Amino acid sequence: MKRTALTLAAACAALFATTVAQAATIKVSCSGVGQELEFCKGAADAWAKKTGNEVQIVTPPNDASERLALFQQVLSAGSDKIDVFQVDVVWPGLLGSHLLDLKPYTKGVEKEHFASFIGNNTNGAKLVAMPWFANAGLLFYRKDLLQKHGQKVPTTWDELSASAKKVQDAERAGGNDKMWGYVWQGRAYEGLTCNALEWVASFGGGSIVEPDGKVSVKNPKAAKALQTAASWVGAISPTAVLNYAEEESRGVFQAGNAVFMRNWPYAWSLAQGQDSVIKDKVGVAVLPKGGADGRNAATLGGEALAVSKYSKNAALAADLVMHMTSAAVQKDRAIRGSFNPTITALYKDPEIVKANPFMGELEGTFTSAVARPTTASGARYNQVSNQFWNATHEVLSGKAKPDEALSRLDQSLTKLSKGGKWN
Ligand code: GLC
């Protein structure tokens with residue numbers, strides 16, 4: 001009898017120990033731009049509830065470059081402070097060696113995602129991150145203001161400049177002295193690389209470093225592109241744009257004080273929010289071309305979720321990632337948050353298309369978006385980008401002429417690339 005009781009007690013203790021060992025706290029670090037944090041937390045909490053685990057959200061800075069610096073610090077220290085990371089489309093090459101191979105956890109579901117994202121997130125034989133949402137630069141415009149002032153949706157940057165100025169001046173004369181023509185991301189960070197790559201590519205000036213490794217940024221079309229953008233500062237864009245990231249530009253547009261805005265898709269659902277003063281007044285178009293011989297160019301962005309190799313709960317963290325990147329969660333995020341899915345079939349989902357007309361209408365923007373030069377520059381991508389955004393920022397703030405800034409950048413990138421060989 002005594003023996004049975006003891007055995008039972010031991011069994012209970014063992015059971016309790018397993019239960020305790022299984023329930024874990026997974027620390028997730030997702031970005032907080034717009035509604036990102038709220039959506040991240042919602043999906044992570046749902047997983048925690050379903051599995052009996054806990055999640056803790058670690059909020060990093062909103063600025064993508066600051067977030068990268070933090071993640072690099074945590075990962076290079078081999079720390080388990082964060083289990084799940086929100087990884088930018090340009091980071092797998094930079095962080096990949098610290099990330100877990102997710103292949104054993106996907107059950108083949110990666111086949112449903114855009115192959116380009118899966119390729120982008122594959123490091124050697126390892127799938128280091130699951131695609132979560134896709135981004136491409138878009139032009140948001142005030143339908144009501146363009147109509148009121150007899151303007152068309154611009155197709156070239158010159159048309160945009162002229163329309164922006166016209167509407168801005170007329171609105172100011174009519175009493176809205178806060179009105180600006182065009183807001184975008186001009187702070188010296190990764191977001192400026194995205195904006196400036198769009199300008200340069202739209203003028204036919206290449207994509208900084210070409211796929212064969214050649215540094216291409218010193219050319220008259222790129223110079224013209226930067227010159228054009230510099231002419232906006234203080235004229236149709238507030239000087240403060242030189243310190244704007246995504247949310248600062250959206251703040252101005254969302255308050256009703258800008259005619260045009262360059263931003264990512266997330267801005268759509270916020271513009272359409274119940275309490276939004278611009279609800280039903282906003283249109284979305286492709287970004288303008290450099291000129292008659294230019295092209296529409298949207299920078300390809302996007303985010304994925306990855307698990308740290310140093311996580312003490314790697315299998316659970318991977319399970320959380322699979323839940324958060326699943327079709328059901330991506331569908332909810334698309335409908336309520338206008339986050340573009342990375343699962344191909346969701347673009348045919350009637351509810352998603354209804355909530356986000358631009359996803360169907362501008363499909364080409366997403367499939368032909370311009371990639372940042374990560375393939376050629378590999379582990380040195382962040383240095384390339386850092387030098388490019390600094391050179392651009394100097395031109396925008398009037399500290400350097402485009403030709404000078406691009407010549408210096410060319411010299412420095414050529415050196416960094418070991419003459420275009422990158423080895
Ligand atoms: C968005 C994009 C990302 C880009 C960043 C720049 O988060 O998804 O790819 O690097 O914006 O700010």
# chains A, B, ... in the order shown; residues from 1 in each chain; ligands from 1
>>> residues_around(residues="A:Gly150", least_positions_apart="5", cutoff="10 Å", atoms="only C-alpha atoms", output="list in words")
Asp144, Leu145, Ser163, Lys166 and Val167 of chain A
>>> select_by_dssp(residues="stretch 125-237 of chain A", states="alpha helix (DSSP H)", output="count of residues only")
49
>>> residues_near_ligand(ligand="ligand 1", cutoff="10 Å", atoms="only C-alpha atoms and all ligand atoms", output="JSON, numbers by chain")
{"A": [31, 32, 33, 36, 62, 63, 64, 65, 68, 86, 87, 88, 89, 90, 91, 132, 133, 134, 135, 136, 137, 185, 187, 189, 190, 191, 192, 193, 194, 195, 245, 246, 247, 263, 264, 265, 266, 299, 300, 301, 302, 303, 304, 371, 372]}
>>> write_last_selection(atoms="N, CA and C atoms", output="tab-separated table (two decimals), in the first residue's frame")
chain	number	residue	atom	x	y	z
A	31	SER	N	8.48	44.32	-34.81
A	31	SER	CA	8.57	45.78	-34.91
A	31	SER	C	7.25	46.45	-34.53
A	32	GLY	N	7.29	47.72	-34.25
A	32	GLY	CA	6.10	48.42	-33.78
A	32	GLY	C	5.61	49.50	-34.73
A	33	VAL	N	5.93	49.41	-36.01
A	33	VAL	CA	5.48	50.42	-36.96
A	33	VAL	C	3.97	50.29	-37.18
A	36	GLU	N	1.76	47.12	-36.27
A	36	GLU	CA	2.53	45.87	-36.29
A	36	GLU	C	2.58	45.18	-34.93
A	62	ASN	N	11.59	51.35	-33.66
A	62	ASN	CA	10.85	51.28	-34.93
A	62	ASN	C	11.76	51.38	-36.14
A	63	ASP	N	12.84	52.14	-36.00
A	63	ASP	CA	13.77	52.38	-37.10
A	63	ASP	C	14.47	51.06	-37.44
A	64	ALA	N	14.30	50.62	-38.70
A	64	ALA	CA	14.82	49.30	-39.12
A	64	ALA	C	16.32	49.17	-38.86
A	65	SER	N	17.08	50.25	-39.06
A	65	SER	CA	18.53	50.16	-38.88
A	65	SER	C	18.90	50.03	-37.41
A	68	LEU	N	18.16	46.46	-36.44
A	68	LEU	CA	19.22	45.54	-36.88
A	68	LEU	C	20.40	45.60	-35.90
A	86	GLN	N	11.77	39.35	-35.67
A	86	GLN	CA	11.19	39.82	-36.94
A	86	GLN	C	12.35	40.27	-37.82
A	87	VAL	N	12.54	39.58	-38.92
A	87	VAL	CA	13.72	39.78	-39.75
A	87	VAL	C	13.34	40.46	-41.07
A	88	ASP	N	13.96	41.57	-41.35
A	88	ASP	CA	13.75	42.31	-42.60
A	88	ASP	C	14.26	41.48	-43.78
A	89	VAL	N	13.63	41.68	-44.93
A	89	VAL	CA	13.99	40.94	-46.15
A	89	VAL	C	15.49	41.09	-46.50
A	90	VAL	N	16.11	42.17	-46.03
A	90	VAL	CA	17.54	42.37	-46.36
A	90	VAL	C	18.49	41.82	-45.29
A	91	TRP	N	17.97	41.11	-44.31
A	91	TRP	CA	18.85	40.64	-43.24
A	91	TRP	C	19.26	39.17	-43.23
A	132	TRP	N	6.62	36.48	-43.72
A	132	TRP	CA	5.48	36.88	-42.89
A	132	TRP	C	4.59	37.89	-43.62
A	133	PHE	N	5.21	38.94	-44.14
A	133	PHE	CA	4.45	39.84	-45.01
A	133	PHE	C	5.38	40.51	-46.02
A	134	ALA	N	4.77	40.89	-47.15
A	134	ALA	CA	5.54	41.48	-48.25
A	134	ALA	C	5.31	42.99	-48.25
A	135	ASN	N	6.31	43.73	-48.68
A	135	ASN	CA	6.17	45.18	-48.79
A	135	ASN	C	6.67	45.64	-50.15
A	136	ALA	N	6.06	46.70	-50.65
A	136	ALA	CA	6.58	47.38	-51.84
A	136	ALA	C	6.20	48.85	-51.67
A	137	GLY	N	7.07	49.75	-52.07
A	137	GLY	CA	6.79	51.18	-51.92
A	137	GLY	C	5.59	51.58	-52.77
A	185	GLN	N	10.25	59.15	-46.60
A	185	GLN	CA	11.17	58.78	-45.53
A	185	GLN	C	12.58	59.28	-45.87
A	187	ARG	N	15.00	60.25	-43.38
A	187	ARG	CA	15.99	60.10	-42.31
A	187	ARG	C	17.15	59.23	-42.80
A	189	TYR	N	18.67	56.35	-42.69
A	189	TYR	CA	18.49	54.96	-42.23
A	189	TYR	C	18.04	54.11	-43.42
A	190	GLU	N	17.77	52.83	-43.14
A	190	GLU	CA	17.43	51.89	-44.22
A	190	GLU	C	16.24	52.36	-45.08
A	191	GLY	N	15.30	53.04	-44.45
A	191	GLY	CA	14.12	53.52	-45.18
A	191	GLY	C	14.50	54.51	-46.28
A	192	LEU	N	15.56	55.30	-46.05
A	192	LEU	CA	16.01	56.24	-47.09
A	192	LEU	C	16.64	55.47	-48.24
A	193	THR	N	17.33	54.39	-47.93
A	193	THR	CA	17.87	53.55	-49.00
A	193	THR	C	16.71	53.07	-49.88
A	194	CYS	N	15.60	52.67	-49.25
A	194	CYS	CA	14.44	52.20	-50.02
A	194	CYS	C	13.89	53.30	-50.92
A	195	ASN	N	13.69	54.50	-50.35
A	195	ASN	CA	13.17	55.62	-51.14
A	195	ASN	C	14.12	55.99	-52.28
A	245	ALA	N	10.90	58.87	-40.60
A	245	ALA	CA	10.82	57.46	-40.97
A	245	ALA	C	9.36	57.22	-41.38
A	246	GLU	N	8.94	55.97	-41.47
A	246	GLU	CA	7.59	55.66	-41.95
A	246	GLU	C	6.51	56.38	-41.13
A	247	GLU	N	6.58	56.26	-39.82
A	247	GLU	CA	5.49	56.77	-38.99
A	247	GLU	C	5.42	58.29	-38.94
A	263	ASN	N	4.78	55.33	-48.92
A	263	ASN	CA	4.84	54.47	-47.75
A	263	ASN	C	4.59	53.02	-48.15
A	264	TRP	N	4.61	52.14	-47.16
A	264	TRP	CA	4.35	50.71	-47.39
A	264	TRP	C	2.85	50.44	-47.24
A	265	PRO	N	2.37	49.27	-47.64
A	265	PRO	CA	0.92	48.99	-47.61
A	265	PRO	C	0.23	49.18	-46.25
A	266	TYR	N	0.96	49.01	-45.14
A	266	TYR	CA	0.30	49.09	-43.83
A	266	TYR	C	-0.46	50.39	-43.64
A	299	THR	N	10.55	49.71	-54.26
A	299	THR	CA	11.53	48.85	-53.58
A	299	THR	C	10.80	47.69	-52.92
A	300	LEU	N	11.41	46.52	-53.05
A	300	LEU	CA	10.84	45.33	-52.42
A	300	LEU	C	11.26	45.30	-50.95
A	301	GLY	N	10.26	45.23	-50.11
A	301	GLY	CA	10.54	45.10	-48.68
A	301	GLY	C	9.82	43.88	-48.17
A	302	GLY	N	9.79	43.75	-46.89
A	302	GLY	CA	9.04	42.63	-46.33
A	302	GLY	C	9.73	42.10	-45.10
A	303	GLU	N	9.00	41.29	-44.39
A	303	GLU	CA	9.48	40.81	-43.10
A	303	GLU	C	9.22	39.32	-42.96
A	304	ALA	N	10.06	38.69	-42.16
A	304	ALA	CA	9.94	37.26	-41.91
A	304	ALA	C	10.12	37.03	-40.41
A	371	ALA	N	14.78	44.92	-56.07
A	371	ALA	CA	15.41	44.38	-54.86
A	371	ALA	C	16.63	45.22	-54.50
A	372	ARG	N	16.87	45.36	-53.23
A	372	ARG	CA	18.11	46.00	-52.78
A	372	ARG	C	19.27	45.03	-53.06
>>> residues_around(residues="stretch 75-81 of chain A", least_positions_apart="6", cutoff="12 Å", atoms="only C-alpha atoms", output="PyMOL selection string")
chain A and resi 25-29+56-58+68-69+94-100+306-314+317
>>> select_by_dssp(residues="stretch 129-315 of chain A", states="strand (DSSP E or B)", output="PyMOL selection string")
chain A and resi 130-136+138-142+156+180-183+209+215+233+237+258-263+282-285+289+299-308
>>> residues_around(residues="stretch 154-160 of chain A", least_positions_apart="3", cutoff="10 Å", atoms="only C-alpha atoms", output="compact mmCIF listing (two decimals) with N, CA, C and O atoms, in the first residue's frame")
# COMPACT_ATOMS: atom_id res chain seq x y z
N LEU A 139 2.55 54.85 -53.76
CA LEU A 139 2.19 56.26 -53.69
C LEU A 139 0.76 56.38 -53.18
O LEU A 139 -0.18 55.90 -53.83
N TYR A 141 -2.29 58.94 -52.28
CA TYR A 141 -2.65 60.31 -52.64
C TYR A 141 -4.05 60.65 -52.16
O TYR A 141 -4.88 59.76 -51.95
N LEU A 146 -6.99 66.09 -55.15
CA LEU A 146 -6.63 66.10 -56.58
C LEU A 146 -7.85 66.52 -57.41
O LEU A 146 -7.76 67.33 -58.32
N GLN A 151 -6.48 67.96 -60.61
CA GLN A 151 -5.20 67.27 -60.88
C GLN A 151 -5.41 65.78 -61.14
O GLN A 151 -6.31 65.17 -60.56
N SER A 163 1.97 68.93 -59.35
CA SER A 163 0.66 68.77 -58.69
C SER A 163 0.74 69.07 -57.21
O SER A 163 -0.12 69.75 -56.65
N ALA A 164 1.80 68.55 -56.59
CA ALA A 164 1.97 68.75 -55.15
C ALA A 164 2.04 70.24 -54.84
O ALA A 164 1.40 70.73 -53.91
N LYS A 165 2.79 70.95 -55.66
CA LYS A 165 2.98 72.39 -55.42
C LYS A 165 1.66 73.14 -55.61
O LYS A 165 1.28 73.98 -54.80
N LYS A 166 0.97 72.77 -56.67
CA LYS A 166 -0.28 73.46 -56.99
C LYS A 166 -1.30 73.28 -55.86
O LYS A 166 -1.89 74.25 -55.37
N GLY A 181 2.97 69.14 -49.83
CA GLY A 181 2.70 68.40 -51.06
C GLY A 181 3.04 66.93 -50.98
O GLY A 181 2.27 66.06 -51.40
N TYR A 182 4.24 66.61 -50.41
CA TYR A 182 4.72 65.22 -50.49
C TYR A 182 5.53 64.86 -49.25
O TYR A 182 6.47 65.58 -48.90
N TRP A 199 13.94 56.20 -56.51
CA TRP A 199 14.20 57.35 -57.39
C TRP A 199 15.21 56.96 -58.46
O TRP A 199 14.99 57.19 -59.65
N SER A 202 13.92 54.47 -60.94
CA SER A 202 12.84 55.02 -61.79
C SER A 202 13.39 55.92 -62.89
O SER A 202 12.75 56.12 -63.91
N PHE A 203 14.60 56.45 -62.69
CA PHE A 203 15.26 57.25 -63.74
C PHE A 203 16.13 56.38 -64.64
O PHE A 203 16.84 56.89 -65.50
N ALA A 225 18.23 61.76 -60.44
CA ALA A 225 17.23 61.28 -59.48
C ALA A 225 17.43 61.97 -58.13
O ALA A 225 16.47 62.47 -57.52
N THR A 228 16.52 65.64 -58.23
CA THR A 228 15.06 65.83 -58.24
C THR A 228 14.52 65.76 -56.81
O THR A 228 13.76 66.62 -56.38
N ALA A 229 14.94 64.74 -56.07
CA ALA A 229 14.44 64.59 -54.70
C ALA A 229 14.89 65.76 -53.82
O ALA A 229 14.11 66.25 -52.99
N ILE A 236 8.07 71.20 -51.54
CA ILE A 236 6.81 70.46 -51.40
C ILE A 236 6.86 69.49 -50.22
O ILE A 236 5.86 68.89 -49.85
N VAL A 259 -0.64 65.99 -49.49
CA VAL A 259 -1.36 65.58 -50.70
C VAL A 259 -0.91 64.17 -51.12
O VAL A 259 -1.72 63.32 -51.45
N PHE A 260 0.41 63.95 -51.07
CA PHE A 260 0.98 62.66 -51.47
C PHE A 260 1.86 62.10 -50.35
O PHE A 260 2.48 62.87 -49.60
N ALA A 285 -1.44 54.34 -55.75
CA ALA A 285 -0.95 54.17 -57.12
C ALA A 285 0.50 53.70 -57.10
O ALA A 285 1.13 53.68 -56.04
N VAL A 286 1.00 53.34 -58.28
CA VAL A 286 2.41 53.00 -58.37
C VAL A 286 3.21 54.29 -58.24
O VAL A 286 2.72 55.37 -58.60
N LEU A 287 4.42 54.21 -57.75
CA LEU A 287 5.27 55.39 -57.66
C LEU A 287 5.61 55.86 -59.08
O LEU A 287 5.71 55.05 -60.00
N PRO A 288 5.78 57.20 -59.25
CA PRO A 288 6.01 57.74 -60.60
C PRO A 288 7.30 57.26 -61.26
O PRO A 288 8.23 56.80 -60.60
N LYS A 289 7.34 57.45 -62.57
CA LYS A 289 8.54 57.15 -63.35
C LYS A 289 9.47 58.35 -63.33
O LYS A 289 9.01 59.49 -63.16
N GLY A 290 10.76 58.09 -63.61
CA GLY A 290 11.72 59.19 -63.67
C GLY A 290 11.41 60.16 -64.80
O GLY A 290 11.60 61.35 -64.69
N GLY A 291 10.91 59.66 -65.88
CA GLY A 291 10.60 60.51 -67.03
C GLY A 291 9.99 59.60 -68.08
O GLY A 291 9.71 58.43 -67.79
N ALA A 292 9.85 60.15 -69.29
CA ALA A 292 9.22 59.35 -70.35
C ALA A 292 9.97 58.03 -70.58
O ALA A 292 9.38 57.00 -70.85
N GLY A 294 11.80 56.55 -68.27
CA GLY A 294 12.05 55.90 -66.99
C GLY A 294 11.08 54.75 -66.76
O GLY A 294 10.37 54.31 -67.66
N ARG A 295 11.06 54.24 -65.54
CA ARG A 295 10.17 53.11 -65.21
C ARG A 295 9.54 53.34 -63.84
O ARG A 295 9.99 54.17 -63.07
N ASN A 296 8.46 52.59 -63.59
CA ASN A 296 7.89 52.61 -62.25
C ASN A 296 8.76 51.70 -61.40
O ASN A 296 9.05 50.58 -61.79
>>> atom_distance(atom1="atom CA of A:Asp319", atom2="atom CA of A:Ala44")
10.7 Å
>>> closest_residue(among="A:Glu66, A:Asn120, A:Val282, A:Ala196", to="A:Val153", atoms="only C-alpha atoms")
A:Val282
